[in-house]
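Okay, structure first, notes after.
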Number of protein chains: 2
Amino acid sequence: MQHPENNPQYKGLNVNKGIAQPPIINPYLSGRKRRQDYSPDDFADGIRKGNITILSQAVTLLESQKEDHQALAQAVIEKCLPFSGNSVRIGITGVPGAGKSTSIDVFGIHLIKEKNRKLAVLAIDPSSERSKGSILGDKTRMEELSREPNAFIRPSPSAGSLGGVARKTRETIILCEAAGFDTIFVETVGVGQSETAVHSMVDFFLLIQLAGTGDELQGIKRGIMEMADGIIVNKADGNNIDRAKLAAAQYRNALHLFPMPPSGWAPKVLTYSGYFKLGITEIWEMVNEYIAFTKRNGYFDFRRNSQAKYWMYESINEQLKNHFYHTPDMETLLAAKEQQVLNSEISSFKAAKELLDKYFKAE
Amino acid sequence: MQHPENNPQYKGLNVNKGIAQPPIINPYLSGRKRRQDYSPDDFADGIRKGNITILSQAVTLLESQKEDHQALAQAVIEKCLPFSGNSVRIGITGVPGAGKSTSIDVFGIHLIKEKNRKLAVLAIDPSSERSKGSILGDKTRMEELSREPNAFIRPSPSAGSLGGVARKTRETIILCEAAGFDTIFVETVGVGQSETAVHSMVDFFLLIQLAGTGDELQGIKRGIMEMADGIIVNKADGNNIDRAKLAAAQYRNALHLFPMPPSGWAPKVLTYSGYFKLGITEIWEMVNEYIAFTKRNGYFDFRRNSQAKYWMYESINEQLKNHFYHTPDMETLLAAKEQQVLNSEISSFKAAKELLDKYFKAE
């Protein structure tokens, strides 16, 4: 008989030279229960005790398309909700090439080692697909952090509508907080609508920029600069220090042209080097200062409450649209009306009215 | 008997020393027809012939809440649609105090007198109320323009949802174009969501700014600068010229930090003086240059088509929401769920799901 290690069927499995492994027993759960038998209470208890395996499994349920998984996940979230909220949630964006992964790696290690924090790194990237490997929150991109027991790294939920992907990430935040993570990073790509989604679930929005104008900056989407609570210019090292400082001054001047954000906090611009780990402390002093400032003036709670309401209404509106656009034959009808509108045969509003009349009559 | 002119009851009426005036006969319509008897063809013909009275009446119908008025207005729009589109549509915004009214007055007179244009000035201000006098598009604010036969000034449709107000303005554009107006200004206030609505119905978006940082600029809403195709700094006159030029340079620098807009047109920054009528020609050269540029590269038509589609989908989404939020008892249910969400009793998404289940069951 072929040794299991040499059998391609078992390749990569830890068969340990053919010696049977004992089943992995979860210390927080009865050894007899199989994962599919876990109750919402089993999940919630495991999460509350900081069990990363159970947390991961709950997130997987949450991301599943199956209805029974969704129902179970929602019950788990319900049980975790009272224990959520006790963290600082930070959105991080920047164009590809700005050094986001290295920066997050360095920031994370700083927070865990120097500040004793527990960090969850999540991501929103509606374009990612699990099968192709998510481009965000990928453990291999955050080398040091991925070896840290106090870090939980989870790639973006796989491709779907932005609303769906964002919902899953927002619910994952709840689970992570219940598991004791006191710092949450939500990473995104800086090139699409996903920033708005991230902005609506974090306390502080950090924009990573590069020195230099022109090409490097073309990737960042318009409007994102104005959402930032802090802008940090990366690669302020070696020959590049002066350019980075100049860029920071330019961003500072540009920010002066914008009105004060509703938080009452004037966004700051700092320089740092992710690669050489310079200026990292100052960035977290800025974030802490912002949190203290907005907790004092009431904006912190106001923003969190607004976000909770926002997601309720956003979710309603999203589902209303889904229901309409998935009505049988609607796609064909829409295409036809769109053409009539483009030909100036009917107005946009009349086209809409005719489609809605059909929809409500068909109900 | 008291002379009518001295009778306070008739004060201000042109009673012409007591001599009865002949009834005003509309040259385009049979004198026997009363306004309520006009057919869609009567309206469309009158509009097509440039009859301002009939145009005004059609806009009034369009703004009416009555169902039969709406139906008639839609029929008129349908008949006007094939003759619409042949204009340059310009959105104009700026904070209160930037000198918008004076500027529009001066721009309008320049276009009419020097360039032989026919100009319609419309407005979007969801906060305005007819009863209190609309703050926008008010004829008294545009002294010279209001005396021009080639100018049609219409205040913002009265208070309502932004979607509703914007829809009416967009449809008014169609009627004005059919009436031969080849330049359309859509004015807005620079402090709210209305800029996005205006931006989605114009070819060129003009932002009026002032020199100086700080207080003067606090009023302009974040994100608006990035929508502008041109920024013009007002009050570049007398002692203020240097400050205005400095401000323009600052805006120019700030714009360099943003990526190129999808039009491929790098937004320009100019200085001018509305009061002293300086730099006006240059502004319209810029607008013409932009129009020529985007017609050449195809963006002009692309934007118009996108806008037509946008309004169809926007209108569908708006009406789906209206239907949901106006379901009986929904307000009470929403308030209760909102409270549960704020108390962390249920997640935003579960709250939404429960409300939607009720809604679709009740259908």
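For the structure tokens, the naming scheme is as follows: chains receive sequential letters (A, B, ...) according to their order of presentation, residues are indexed from 1 within each chain, and ligands are indexed from 1 in presentation order.
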- prompt: Excluding same-chain residues fewer than 6 positions from segment 62-68 of chain B, what lies within 12 Å of it counting only C-alpha atoms, as a ChimeraX atom specification?
  reply: /B:36,55-56,74-77,130,154-160,164-175
Within 8 Å of chain A, which residues of chain B come that close, and what is the closest atom pair and distance in Å for each? Count only C-alpha atoms and give it as JSON lines.
{"residue": "B:Gln74", "atom": "CA", "partner": "A:Lys350", "partner_atom": "CA", "distance": 7.4}
{"residue": "B:Ile77", "atom": "CA", "partner": "A:Ser347", "partner_atom": "CA", "distance": 7.5}
{"residue": "B:Glu78", "atom": "CA", "partner": "A:Ile346", "partner_atom": "CA", "distance": 6.0}
{"residue": "B:Leu81", "atom": "CA", "partner": "A:Ser344", "partner_atom": "CA", "distance": 5.9}
{"residue": "B:Pro82", "atom": "CA", "partner": "A:Ser344", "partner_atom": "CA", "distance": 6.1}
{"residue": "B:Arg167", "atom": "CA", "partner": "A:Phe349", "partner_atom": "CA", "distance": 7.8}
{"residue": "B:Thr213", "atom": "CA", "partner": "A:Leu257", "partner_atom": "CA", "distance": 6.4}
{"residue": "B:Gly214", "atom": "CA", "partner": "A:His256", "partner_atom": "CA", "distance": 7.5}
{"residue": "B:Leu217", "atom": "CA", "partner": "A:Pro259", "partner_atom": "CA", "distance": 6.2}
{"residue": "B:Gln218", "atom": "CA", "partner": "A:Pro259", "partner_atom": "CA", "distance": 4.3}
{"residue": "B:Gly219", "atom": "CA", "partner": "A:Pro259", "partner_atom": "CA", "distance": 6.9}
{"residue": "B:Ile220", "atom": "CA", "partner": "A:Pro259", "partner_atom": "CA", "distance": 6.7}
{"residue": "B:Lys221", "atom": "CA", "partner": "A:Pro259", "partner_atom": "CA", "distance": 7.0}
{"residue": "B:Arg222", "atom": "CA", "partner": "A:Glu226", "partner_atom": "CA", "distance": 6.3}
{"residue": "B:Gly223", "atom": "CA", "partner": "A:Gly223", "partner_atom": "CA", "distance": 5.3}
{"residue": "B:Glu226", "atom": "CA", "partner": "A:Arg222", "partner_atom": "CA", "distance": 6.3}
{"residue": "B:Gln250", "atom": "CA", "partner": "A:Ala254", "partner_atom": "CA", "distance": 7.5}
{"residue": "B:Tyr251", "atom": "CA", "partner": "A:Leu257", "partner_atom": "CA", "distance": 7.7}
{"residue": "B:Asn253", "atom": "CA", "partner": "A:Ala254", "partner_atom": "CA", "distance": 7.5}
{"residue": "B:Ala254", "atom": "CA", "partner": "A:Ala254", "partner_atom": "CA", "distance": 4.9}
{"residue": "B:His256", "atom": "CA", "partner": "A:Thr213", "partner_atom": "CA", "distance": 7.0}
{"residue": "B:Leu257", "atom": "CA", "partner": "A:Thr213", "partner_atom": "CA", "distance": 6.4}
{"residue": "B:Phe258", "atom": "CA", "partner": "A:Arg222", "partner_atom": "CA", "distance": 6.3}
{"residue": "B:Pro259", "atom": "CA", "partner": "A:Gln218", "partner_atom": "CA", "distance": 4.4}
{"residue": "B:Met260", "atom": "CA", "partner": "A:Gln218", "partner_atom": "CA", "distance": 6.8}
{"residue": "B:Asn305", "atom": "CA", "partner": "A:Leu342", "partner_atom": "CA", "distance": 6.2}
{"residue": "B:Ala308", "atom": "CA", "partner": "A:Ser348", "partner_atom": "CA", "distance": 6.0}
{"residue": "B:Lys309", "atom": "CA", "partner": "A:Glu338", "partner_atom": "CA", "distance": 6.5}
{"residue": "B:Trp311", "atom": "CA", "partner": "A:Ser348", "partner_atom": "CA", "distance": 5.7}
{"residue": "B:Met312", "atom": "CA", "partner": "A:Ser348", "partner_atom": "CA", "distance": 4.4}
{"residue": "B:Tyr313", "atom": "CA", "partner": "A:Ala352", "partner_atom": "CA", "distance": 7.1}
{"residue": "B:Ser315", "atom": "CA", "partner": "A:Ala352", "partner_atom": "CA", "distance": 6.0}
{"residue": "B:Ile316", "atom": "CA", "partner": "A:Ala352", "partner_atom": "CA", "distance": 5.2}
{"residue": "B:Asn317", "atom": "CA", "partner": "A:Lys321", "partner_atom": "CA", "distance": 6.7}
{"residue": "B:Gln319", "atom": "CA", "partner": "A:Leu356", "partner_atom": "CA", "distance": 7.9}
{"residue": "B:Leu320", "atom": "CA", "partner": "A:Leu320", "partner_atom": "CA", "distance": 6.7}
{"residue": "B:Lys321", "atom": "CA", "partner": "A:Asn317", "partner_atom": "CA", "distance": 6.7}
{"residue": "B:Glu338", "atom": "CA", "partner": "A:Lys309", "partner_atom": "CA", "distance": 6.5}
{"residue": "B:Val341", "atom": "CA", "partner": "A:Ala308", "partner_atom": "CA", "distance": 6.7}
{"residue": "B:Leu342", "atom": "CA", "partner": "A:Asn305", "partner_atom": "CA", "distance": 6.2}
{"residue": "B:Ser344", "atom": "CA", "partner": "A:Leu81", "partner_atom": "CA", "distance": 5.9}
{"residue": "B:Glu345", "atom": "CA", "partner": "A:Leu81", "partner_atom": "CA", "distance": 7.0}
{"residue": "B:Ile346", "atom": "CA", "partner": "A:Glu78", "partner_atom": "CA", "distance": 5.9}
{"residue": "B:Ser347", "atom": "CA", "partner": "A:Glu78", "partner_atom": "CA", "distance": 6.7}
{"residue": "B:Ser348", "atom": "CA", "partner": "A:Met312", "partner_atom": "CA", "distance": 4.4}
{"residue": "B:Phe349", "atom": "CA", "partner": "A:Met312", "partner_atom": "CA", "distance": 5.8}
{"residue": "B:Lys350", "atom": "CA", "partner": "A:Gln74", "partner_atom": "CA", "distance": 7.4}
{"residue": "B:Ala351", "atom": "CA", "partner": "A:Met312", "partner_atom": "CA", "distance": 6.6}
{"residue": "B:Ala352", "atom": "CA", "partner": "A:Ile316", "partner_atom": "CA", "distance": 5.2}
{"residue": "B:Lys353", "atom": "CA", "partner": "A:Ile316", "partner_atom": "CA", "distance": 7.3}
{"residue": "B:Leu355", "atom": "CA", "partner": "A:Ile316", "partner_atom": "CA", "distance": 7.9}
{"residue": "B:Leu356", "atom": "CA", "partner": "A:Ile316", "partner_atom": "CA", "distance": 6.9}
{"residue": "B:Glu363", "atom": "CA", "partner": "A:Glu363", "partner_atom": "CA", "distance": 7.1}
File dump, residues just selected, C-alpha atoms, as an mmCIF file, in the first residue's frame:
data_model
loop_
_atom_site.group_PDB
_atom_site.id
_atom_site.type_symbol
_atom_site.label_atom_id
_atom_site.label_comp_id
_atom_site.auth_asym_id
_atom_site.auth_seq_id
_atom_site.Cartn_x
_atom_site.Cartn_y
_atom_site.Cartn_z
ATOM 1 C CA GLN B 74 -46.416 64.944 -19.528
ATOM 2 C CA ILE B 77 -43.322 67.285 -22.711
ATOM 3 C CA GLU B 78 -43.704 64.287 -25.015
ATOM 4 C CA LEU B 81 -39.038 66.199 -26.620
ATOM 5 C CA PRO B 82 -38.140 65.848 -30.319
ATOM 6 C CA ARG B 167 -37.386 66.363 -11.956
ATOM 7 C CA THR B 213 -9.832 81.301 2.990
ATOM 8 C CA GLY B 214 -11.754 80.530 6.109
ATOM 9 C CA LEU B 217 -15.516 79.285 2.098
ATOM 10 C CA GLN B 218 -17.111 77.458 4.986
ATOM 11 C CA GLY B 219 -20.451 77.529 3.228
ATOM 12 C CA ILE B 220 -19.454 75.495 0.189
ATOM 13 C CA LYS B 221 -20.234 71.850 0.594
ATOM 14 C CA ARG B 222 -17.457 69.269 0.434
ATOM 15 C CA GLY B 223 -17.163 67.485 -2.849
ATOM 16 C CA GLU B 226 -14.443 68.248 -7.571
ATOM 17 C CA GLN B 250 -4.554 78.118 -4.805
ATOM 18 C CA TYR B 251 -7.568 76.561 -6.485
ATOM 19 C CA ASN B 253 -2.905 73.930 -7.231
ATOM 20 C CA ALA B 254 -5.642 72.113 -5.389
ATOM 21 C CA HIS B 256 -3.804 69.428 -9.619
ATOM 22 C CA LEU B 257 -4.142 67.065 -6.697
ATOM 23 C CA PHE B 258 -7.298 65.617 -8.163
ATOM 24 C CA PRO B 259 -7.290 63.164 -11.030
ATOM 25 C CA MET B 260 -8.425 64.179 -14.499
ATOM 26 C CA ASN B 305 -27.125 59.949 -22.632
ATOM 27 C CA ALA B 308 -31.114 60.548 -19.504
ATOM 28 C CA LYS B 309 -30.558 57.010 -18.247
ATOM 29 C CA TRP B 311 -32.923 60.094 -14.463
ATOM 30 C CA MET B 312 -34.894 57.068 -15.570
ATOM 31 C CA TYR B 313 -33.267 54.855 -12.931
ATOM 32 C CA SER B 315 -36.942 58.120 -10.906
ATOM 33 C CA ILE B 316 -37.646 54.400 -10.542
ATOM 34 C CA ASN B 317 -35.663 54.208 -7.313
ATOM 35 C CA GLN B 319 -40.776 55.992 -6.587
ATOM 36 C CA LEU B 320 -39.978 52.562 -5.147
ATOM 37 C CA LYS B 321 -38.911 54.298 -1.957
ATOM 38 C CA GLU B 338 -34.677 52.564 14.482
ATOM 39 C CA VAL B 341 -31.062 49.443 16.201
ATOM 40 C CA LEU B 342 -29.751 52.348 18.268
ATOM 41 C CA SER B 344 -28.091 47.436 19.763
ATOM 42 C CA GLU B 345 -31.052 45.081 20.172
ATOM 43 C CA ILE B 346 -31.096 44.090 16.509
ATOM 44 C CA SER B 347 -28.705 44.697 13.657
ATOM 45 C CA SER B 348 -29.451 47.313 11.003
ATOM 46 C CA PHE B 349 -29.868 44.541 8.475
ATOM 47 C CA LYS B 350 -32.259 42.447 10.496
ATOM 48 C CA ALA B 351 -34.353 45.554 11.182
ATOM 49 C CA ALA B 352 -34.516 46.220 7.452
ATOM 50 C CA LYS B 353 -35.427 42.621 6.703
ATOM 51 C CA LEU B 355 -39.742 45.788 7.761
ATOM 52 C CA LEU B 356 -39.483 44.496 4.213
ATOM 53 C CA GLU B 363 -48.956 44.048 -0.872
#
Counting only C-alpha atoms, the option among B:Asn239, B:Ser194, B:Ser87, B:Thr294 closest to Pro262 of chain B: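 That would be B:Thr294, the residue with the smallest distance to Pro262 of chain B.
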Notebook entry, point to check: Can you list, as a ChimeraX atom specification, every residue of segment 153-322 of chain A that DSSP puts in strand (DSSP E)?
Noted result: /A:153,183-187,204-210,230-234,268-271
Filtering to C-alpha atoms, could you give me those residues as a CSV table (one decimal), in the first residue's frame?
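Contents of again.csv, as written:
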chain,number,residue,atom,x,y,z
A,153,ILE,CA,-6.9,39.1,9.0
A,183,THR,CA,-9.1,48.0,16.8
A,184,ILE,CA,-10.6,47.4,13.4
A,185,PHE,CA,-9.0,48.2,10.1
A,186,VAL,CA,-11.2,48.3,7.1
A,187,GLU,CA,-9.1,48.4,4.0
A,204,PHE,CA,-11.7,57.6,11.3
A,205,PHE,CA,-10.9,57.6,7.6
A,206,LEU,CA,-7.2,57.5,6.7
A,207,LEU,CA,-6.0,58.2,3.2
A,208,ILE,CA,-2.5,57.1,2.2
A,209,GLN,CA,-1.0,59.2,-0.5
A,210,LEU,CA,2.3,59.5,-2.3
A,230,GLY,CA,-6.2,62.2,8.1
A,231,ILE,CA,-3.9,62.1,5.1
A,232,ILE,CA,-0.6,60.4,5.4
A,233,VAL,CA,2.1,60.7,2.7
A,234,ASN,CA,4.1,57.5,2.5
A,268,LYS,CA,-4.3,66.5,9.5
A,269,VAL,CA,-1.6,65.7,7.0
A,270,LEU,CA,1.5,63.7,8.1
A,271,THR,CA,4.5,62.1,6.4
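Computed from the coordinates, the atom CA of Arg141 of chain A to atom CA of Lys235 of chain A distance equals 17.8 Å.
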Item checked: Backbone-only DSSP, helix (DSSP H, G or I) members of segment 103-344 of chain B, as number ranges by chain -> B: 103-115, 130-132, 139-141, 145-147, 162-178, 194-199, 215-218, 225-227, 238-256, 280-297, 299-325, 330-342
**Request:** Grab the atom CA of Glu282 of chain B to atom CA of His110 of chain B distance for me, in Å with one decimal place.
**Result:**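 Taking atom CA of Glu282 of chain B and atom CA of His110 of chain B, their separation equals 11.4 Å.
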>> So the first atom is atom CA of Tyr299 of chain A and the second is atom CA of Glu195 of chain A; what is the distance between them in Å, to one decimal place?
In response: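 Between these atoms lies a distance of 20.2 Å.
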Residues near Phe276 of chain A, cut-off 12 Å, only C-alpha atoms, skip fewer than 4 positions along chain, as a list in words
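After dropping sequence-adjacent residues, the list is Thr102, Ser103, Val106, Phe107, Asn234, Lys235, Ala236, Asp237, Gly238, Tyr272 and Ile280 of chain A.
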